[in-house]
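S.K.: The following file, structure-v7.txt, comprises compact mmCIF, C-alpha atoms:
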```txt
# COMPACT_ATOMS: atom_id res chain seq x y z
CA MET A 1 1.96 -119.03 23.89
CA ASN A 2 -0.05 -120.22 20.90
CA GLU A 3 -0.98 -118.14 17.90
CA GLN A 4 -4.44 -117.32 19.24
CA ASP A 5 -3.05 -115.95 22.51
CA LYS A 6 -0.61 -113.69 20.59
CA ILE A 7 -3.45 -112.19 18.58
CA LYS A 8 -5.45 -111.54 21.73
CA SER A 9 -2.45 -109.91 23.47
CA THR A 10 -1.83 -107.62 20.53
CA HIS A 11 -5.49 -106.57 20.47
CA ASP A 12 -5.45 -105.84 24.21
CA GLU A 13 -2.34 -103.56 23.87
CA SER A 14 -3.91 -101.69 20.96
CA LEU A 15 -7.04 -101.10 22.97
CA LYS A 16 -5.04 -99.79 25.95
CA ASN A 17 -3.16 -97.34 23.73
CA LYS A 18 -6.41 -95.95 22.35
CA GLN A 19 -7.85 -95.59 25.80
CA GLY A 20 -4.62 -93.90 26.95
CA ASP A 21 -4.86 -91.32 24.13
CA SER A 22 -8.47 -90.55 24.84
CA GLY A 23 -7.66 -90.09 28.48
CA ALA A 24 -4.80 -87.62 27.93
CA LYS A 25 -4.98 -84.32 29.81
CA PRO A 26 -6.49 -81.35 27.89
CA SER A 27 -4.13 -78.55 26.64
CA SER A 28 -3.71 -75.11 28.36
CA TRP A 29 -5.94 -73.34 25.78
CA SER A 30 -8.61 -75.98 26.24
CA ARG A 31 -8.52 -75.55 29.99
CA LEU A 32 -8.63 -71.73 29.65
CA LEU A 33 -11.54 -71.74 27.23
CA SER A 34 -13.44 -74.12 29.46
CA LYS A 35 -13.62 -71.45 32.17
CA ARG A 36 -16.97 -69.63 32.38
CA TRP A 37 -15.48 -66.18 32.98
CA VAL A 38 -13.28 -66.14 29.85
CA PHE A 39 -15.78 -65.06 27.20
CA PRO A 40 -17.37 -62.26 29.32
CA ALA A 41 -13.88 -60.91 30.09
CA VAL A 42 -12.89 -60.90 26.40
CA TYR A 43 -16.13 -59.14 25.44
CA THR A 44 -15.63 -56.48 28.16
CA ALA A 45 -12.04 -55.78 27.04
CA ALA A 46 -13.10 -55.44 23.38
CA ALA A 47 -15.90 -53.00 24.31
CA ALA A 48 -13.49 -50.90 26.36
CA LEU A 49 -11.03 -50.73 23.44
CA ILE A 50 -13.77 -49.61 21.03
CA LEU A 51 -14.99 -46.86 23.40
CA THR A 52 -11.41 -45.61 23.86
CA LEU A 53 -10.94 -45.32 20.08
CA VAL A 54 -14.23 -43.41 19.76
CA TRP A 55 -13.20 -40.89 22.46
CA VAL A 56 -9.80 -40.34 20.85
CA TYR A 57 -11.41 -39.76 17.43
CA GLN A 58 -13.94 -37.26 18.81
CA ASP A 59 -11.25 -35.36 20.73
CA ALA A 60 -9.08 -35.09 17.60
CA GLY A 61 -12.01 -33.76 15.59
CA GLN A 62 -12.49 -30.88 18.01
CA LYS A 63 -8.85 -29.65 17.75
CA PRO A 64 -7.56 -27.32 14.95
CA LEU A 65 -6.12 -29.25 12.03
CA ASN A 66 -2.96 -27.11 12.14
CA PRO A 67 -2.30 -25.30 15.42
CA ASP A 68 0.70 -23.50 13.87
CA ASN A 69 -1.59 -21.76 11.35
CA ALA A 70 -3.77 -20.46 14.16
CA ALA A 71 -0.71 -19.06 15.87
CA VAL A 72 0.38 -17.30 12.68
CA VAL A 73 -3.05 -15.73 12.23
CA SER A 74 -3.17 -14.47 15.79
CA GLN A 75 0.31 -12.98 15.44
CA GLY A 76 -0.72 -11.26 12.20
CA GLU A 77 -3.77 -9.75 13.84
CA ALA A 78 -1.69 -8.52 16.75
CA GLY A 79 0.86 -7.03 14.35
CA SER A 80 -1.80 -5.10 12.42
CA LYS A 81 -3.03 -3.53 15.66
CA THR A 82 0.42 -2.40 16.74
CA GLY A 83 1.80 -1.54 13.29
CA ALA A 84 0.33 1.95 13.17
CA ALA A 85 1.77 2.79 16.58
CA ASN A 86 5.24 1.62 15.48
CA GLY A 87 5.19 3.51 12.18
CA ASP A 88 4.92 0.38 10.04
CA PRO A 89 4.64 1.34 6.30
CA GLU A 90 1.69 -1.02 5.73
CA ALA A 91 -0.16 0.51 8.65
CA LEU A 92 0.58 3.97 7.26
CA GLU A 93 -1.03 2.92 3.96
CA VAL A 94 -4.25 1.98 5.75
CA VAL A 95 -4.32 5.35 7.53
CA ALA A 96 -3.46 7.33 4.41
CA SER A 97 -6.16 5.66 2.32
CA ALA A 98 -8.79 7.22 4.60
CA GLU A 99 -7.23 10.71 4.49
CA SER A 100 -8.58 13.75 2.69
CA LEU A 101 -6.23 16.23 1.07
CA VAL A 102 -5.24 19.18 3.28
CA TRP A 103 -3.46 22.44 2.50
CA PRO A 104 0.32 22.03 2.30
CA VAL A 105 0.85 24.79 4.87
CA ALA A 106 0.47 25.13 8.63
CA SER A 107 -2.07 27.99 8.51
CA PRO A 108 -4.16 28.09 5.29
CA SER A 109 -5.70 31.42 6.36
CA GLU A 110 -2.26 33.08 6.15
CA VAL A 111 -1.67 32.21 2.49
CA GLU A 112 -3.42 32.73 -0.83
CA VAL A 113 -3.41 31.15 -4.27
CA VAL A 114 -1.37 33.59 -6.36
CA LYS A 115 -1.68 31.55 -9.56
CA PRO A 116 -4.50 29.04 -10.20
CA TYR A 117 -4.52 25.68 -11.96
CA TYR A 118 -5.19 25.86 -15.72
CA ASP A 119 -8.60 24.24 -16.21
CA GLU A 120 -9.29 23.22 -19.81
CA ASN A 121 -12.99 23.68 -19.14
CA GLY A 122 -12.47 26.86 -17.17
CA THR A 123 -13.41 30.42 -18.00
CA GLU A 124 -11.40 32.83 -20.11
CA GLU A 125 -10.41 34.60 -16.93
CA ASN A 126 -9.00 31.35 -15.56
CA HIS A 127 -7.08 30.66 -18.75
CA ILE A 128 -5.42 34.08 -18.65
CA ALA A 129 -4.59 33.91 -14.93
CA ALA A 130 -3.23 30.37 -15.16
CA MET A 131 -0.65 31.07 -17.88
CA VAL A 132 3.00 31.03 -16.85
CA GLN A 133 5.48 33.12 -18.83
CA TYR A 134 9.07 31.92 -18.96
CA ASN A 135 11.37 34.00 -21.16
CA ASN A 136 9.37 34.39 -24.38
CA THR A 137 7.24 31.27 -23.83
CA PHE A 138 3.84 30.80 -22.23
CA VAL A 139 2.89 27.49 -20.62
CA THR A 140 -0.20 26.41 -18.69
CA ASN A 141 0.01 26.07 -14.92
CA THR A 142 -0.22 22.40 -13.89
CA GLY A 143 -0.81 23.12 -10.21
CA ILE A 144 -1.54 26.00 -7.88
CA ASP A 145 0.98 28.46 -6.51
CA ILE A 146 0.63 29.42 -2.86
CA ALA A 147 2.32 32.39 -1.16
CA ARG A 148 2.00 34.77 1.76
CA GLU A 149 0.83 38.30 1.12
CA ASP A 150 3.98 39.69 2.79
CA ASN A 151 6.21 37.48 0.56
CA LYS A 152 7.83 35.82 3.57
CA SER A 153 8.86 32.17 3.49
CA PHE A 154 6.79 29.54 5.34
CA ASP A 155 6.86 25.84 6.15
CA VAL A 156 5.56 23.48 3.47
CA LYS A 157 3.62 20.54 4.95
CA ALA A 158 2.69 17.09 3.62
CA ALA A 159 -0.84 17.25 2.22
CA LEU A 160 -1.11 13.44 2.47
CA SER A 161 0.76 10.68 4.27
CA GLY A 162 3.04 8.53 2.15
CA GLU A 163 6.58 7.81 1.04
CA VAL A 164 8.98 10.46 -0.22
CA THR A 165 9.79 9.11 -3.68
CA ARG A 166 11.70 12.10 -5.07
CA VAL A 167 13.92 14.87 -3.73
CA GLU A 168 15.65 16.77 -6.52
CA ASP A 169 17.04 20.19 -7.34
CA VAL A 170 15.84 21.18 -10.83
CA ALA A 171 17.40 24.26 -12.41
CA VAL A 172 14.16 25.89 -13.62
CA LEU A 173 11.69 24.51 -11.07
CA GLY A 174 13.82 24.79 -7.95
CA LYS A 175 13.94 22.04 -5.34
CA VAL A 176 11.25 19.41 -5.86
CA ILE A 177 9.75 16.87 -3.42
CA GLU A 178 7.32 14.15 -4.47
CA VAL A 179 5.26 12.08 -2.00
CA THR A 180 3.53 8.89 -3.18
CA SER A 181 0.41 7.81 -1.26
CA PRO A 182 -1.97 4.82 -1.53
CA GLY A 183 -4.60 4.89 -4.25
CA GLU A 184 -2.23 6.02 -7.01
CA LEU A 185 -2.00 9.51 -5.52
CA LYS A 186 1.08 11.71 -5.74
CA THR A 187 1.57 15.17 -4.33
CA VAL A 188 4.36 17.31 -5.79
CA TYR A 189 5.94 20.36 -4.14
CA GLN A 190 8.16 22.68 -6.24
CA SER A 191 9.97 25.99 -5.73
CA LEU A 192 11.24 24.92 -2.31
CA GLY A 193 13.93 26.40 -0.09
CA GLU A 194 15.50 24.21 2.59
CA THR A 195 14.33 20.57 2.40
CA LYS A 196 13.66 18.61 5.63
CA VAL A 197 13.24 15.08 4.24
CA LYS A 198 15.12 12.67 2.00
CA GLN A 199 14.02 10.09 -0.54
CA GLY A 200 12.68 6.93 1.09
CA ASP A 201 11.33 8.67 4.21
CA GLU A 202 7.82 7.88 5.41
CA VAL A 203 5.90 11.05 6.25
CA LYS A 204 2.55 11.66 7.89
CA GLN A 205 0.02 14.24 6.87
CA GLY A 206 1.09 17.60 8.31
CA ASP A 207 4.80 16.77 8.60
CA THR A 208 7.15 19.54 7.49
CA LEU A 209 8.76 18.78 4.13
CA ALA A 210 10.62 22.02 3.39
CA THR A 211 10.34 25.78 3.36
CA ALA A 212 8.85 27.83 0.55
CA GLY A 213 11.39 29.29 -1.84
CA ARG A 214 11.92 30.70 -5.33
CA ASN A 215 12.47 29.29 -8.81
CA GLU A 216 13.36 30.53 -12.28
CA MET A 217 10.09 29.49 -13.90
CA GLU A 218 7.97 31.77 -11.69
CA LYS A 219 10.49 34.11 -10.13
CA SER A 220 7.99 36.96 -10.26
CA LEU A 221 5.97 35.19 -7.55
CA GLY A 222 8.75 35.48 -4.98
CA ASN A 223 8.69 32.99 -2.08
CA HIS A 224 6.00 30.42 -2.83
CA VAL A 225 5.29 26.72 -3.24
CA HIS A 226 4.03 25.23 -6.48
CA PHE A 227 1.67 22.39 -5.50
CA GLU A 228 0.46 19.60 -7.81
CA VAL A 229 -1.75 16.53 -7.36
CA HIS A 230 -1.47 13.48 -9.64
CA GLU A 231 -4.12 10.74 -9.58
CA ASP A 232 -3.65 7.55 -11.60
CA GLY A 233 -0.86 9.29 -13.49
CA LYS A 234 -3.01 12.29 -14.46
CA ILE A 235 -2.69 15.83 -13.17
CA VAL A 236 -5.85 17.04 -11.41
CA ASN A 237 -6.91 20.40 -10.03
CA PRO A 238 -5.79 20.61 -6.37
CA SER A 239 -8.43 23.29 -5.68
CA ASP A 240 -11.18 20.69 -6.33
CA LEU A 241 -9.78 18.49 -3.56
CA LEU A 242 -8.65 20.98 -0.94
CA PRO A 243 -11.02 22.04 1.87
CA GLN A 244 -12.29 25.60 2.18
CA ARG A 245 -9.88 27.84 4.08
```
Please render this file's structure as C-alpha cells.

M.R.:
Amino acid sequence: MNEQDKIKSTHDESLKNKQGDSGAKPSSWSRLLSKRWVFPAVYTAAAALILTLVWVYQDAGQKPLNPDNAAVVSQGEAGSKTGAANGDPEALEVVASAESLVWPVASPSEVEVVKPYYDENGTEENHIAAMVQYNNTFVTNTGIDIAREDNKSFDVKAALSGEVTRVEDVAVLGKVIEVTSPGELKTVYQSLGETKVKQGDEVKQGDTLATAGRNEMEKSLGNHVHFEVHEDGKIVNPSDLLPQR
C-alpha cells in the first residue's frame, strides 16, 4: 500500500468514528425528557404540593398558638366557680367584699348599746356617755358596748366574713378576737367569755365566735361585748355602718 492509500484509509476510519459517535443511543434522561407526558406530570405534581402547603398553613392559623394555656384558663375559670362552695379563701374574699356589716349578735332586737362610741364631732351628751372610767382614769370609748337588758350572756357572731387573725386573753380587756376582712377592714370583739375559734380560722358572716363575758376595764357593764371596726388602720364608728335594728 502506497502513501496515498494510507492517507485515504486513515481518513475513512476517522470519518467512521465520527459517524459512530453521532449515532450513539441517547441517555436515559434524554429519553425521559423526550416523552410528551413528562412536563404535564411534573407541573401537576408541583401544583399539588403547593396546594397542600397552603392547606396546612391555613389549618395551623386557625388553631390556638398554645393549647396548654387555653387548658389552664379553663381550669382557672372552673376553679373560681367551685371555690366558694369548697370554702376556698380567695372565694371567701370575693364574697366578703360585697358584704355589709351586720350586728355581732344573733338577735339585734334582744340587745342594746349600753355605751356608745366616742365621736370627736359628737354632742356633749355623747362625750359624757362615751367615757370609760378605769380606776382613777377616764378614757374615750373606741367602739360600742352591747349587752342584754337582763345581763345574761349571749353568742357573739362574726359581723363580716374573713380570717381570724388574733385570739388573745388580755388582762384588762378580757378575751379578744380579731377578724380581718378584704378591703382593709378589721372587726374586733373584746370582753368575751368562751371562745369558739382559733387564730387562722376562716369564718363566714354570722358564724359564732364566742360568748359575751366580762372584763376589768368595764366591769360595771356586766356580760357584754365590746365591738370595734377598723378601716385602713383607723377606728371608725360601728353605729354608722350597722343596719337599723

S.K.: Could you jot down the atom CA of Lys115 of chain A to atom CA of Thr137 of chain A separation for me, Å, one decimal place?

M.R.: 16.8 Å

S.K.: Determine the nearest neighbour of Asp240 of chain A from the options A:Phe154, A:Tyr134, A:Trp103, A:Tyr189, counting all atoms listed in the file.

M.R.: A:Trp103

S.K.: Return the single residue from A:Gln244, A:Glu231, A:Thr180, A:Ser153 that is closest to Thr211 of chain A, with distances computed using all atoms listed in the file.

M.R.: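 Going through A:Gln244, A:Glu231, A:Thr180, A:Ser153 one by one, the smallest distance to Thr211 of chain A is for A:Ser153.
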
S.K.: Please determine, counting all atoms listed in the file, which residue among A:Leu209, A:Val105, A:Val197, A:Val236 has the shortest atom-to-atom distance to Tyr117 of chain A.

M.R.: A:Val236

S.K.: In Å, how far is it from atom CA of Asp150 of chain A to atom CA of His226 of chain A?

M.R.: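 We find that atom CA of Asp150 of chain A and atom CA of His226 of chain A lie 17.2 Å from each other.
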
S.K.: So the first atom is atom CA of Glu202 of chain A and the second is atom CA of Val164 of chain A; what is the distance between them in Å, to one decimal place?

M.R.: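 Atom CA of Glu202 of chain A sits 6.3 Å away from atom CA of Val164 of chain A.
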
S.K.: Which is closer to Pro116 of chain A than all the others in A:Glu194, A:Glu99, A:Asp145, A:Asp201, using all atoms listed in the file?

M.R.: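 Looking only at the distances to Pro116 of chain A, the closest residue turns out to be A:Asp145.
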
S.K.: Please determine, counting all atoms listed in the file, which residue among A:Glu216, A:Glu168, A:Asp155, A:Asp232 has the shortest atom-to-atom distance to Glu184 of chain A.

M.R.: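 Nearest candidate to Glu184 of chain A out of A:Glu216, A:Glu168, A:Asp155, A:Asp232: A:Asp232.
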
S.K.: Check the smallest atom-to-atom distance from each of A:Leu242, A:Ile144, A:Val229, A:Leu160 to Ser191 of chain A using all atoms listed in the file, then report the winner.

M.R.: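 That would be A:Ile144, the residue with the smallest distance to Ser191 of chain A.
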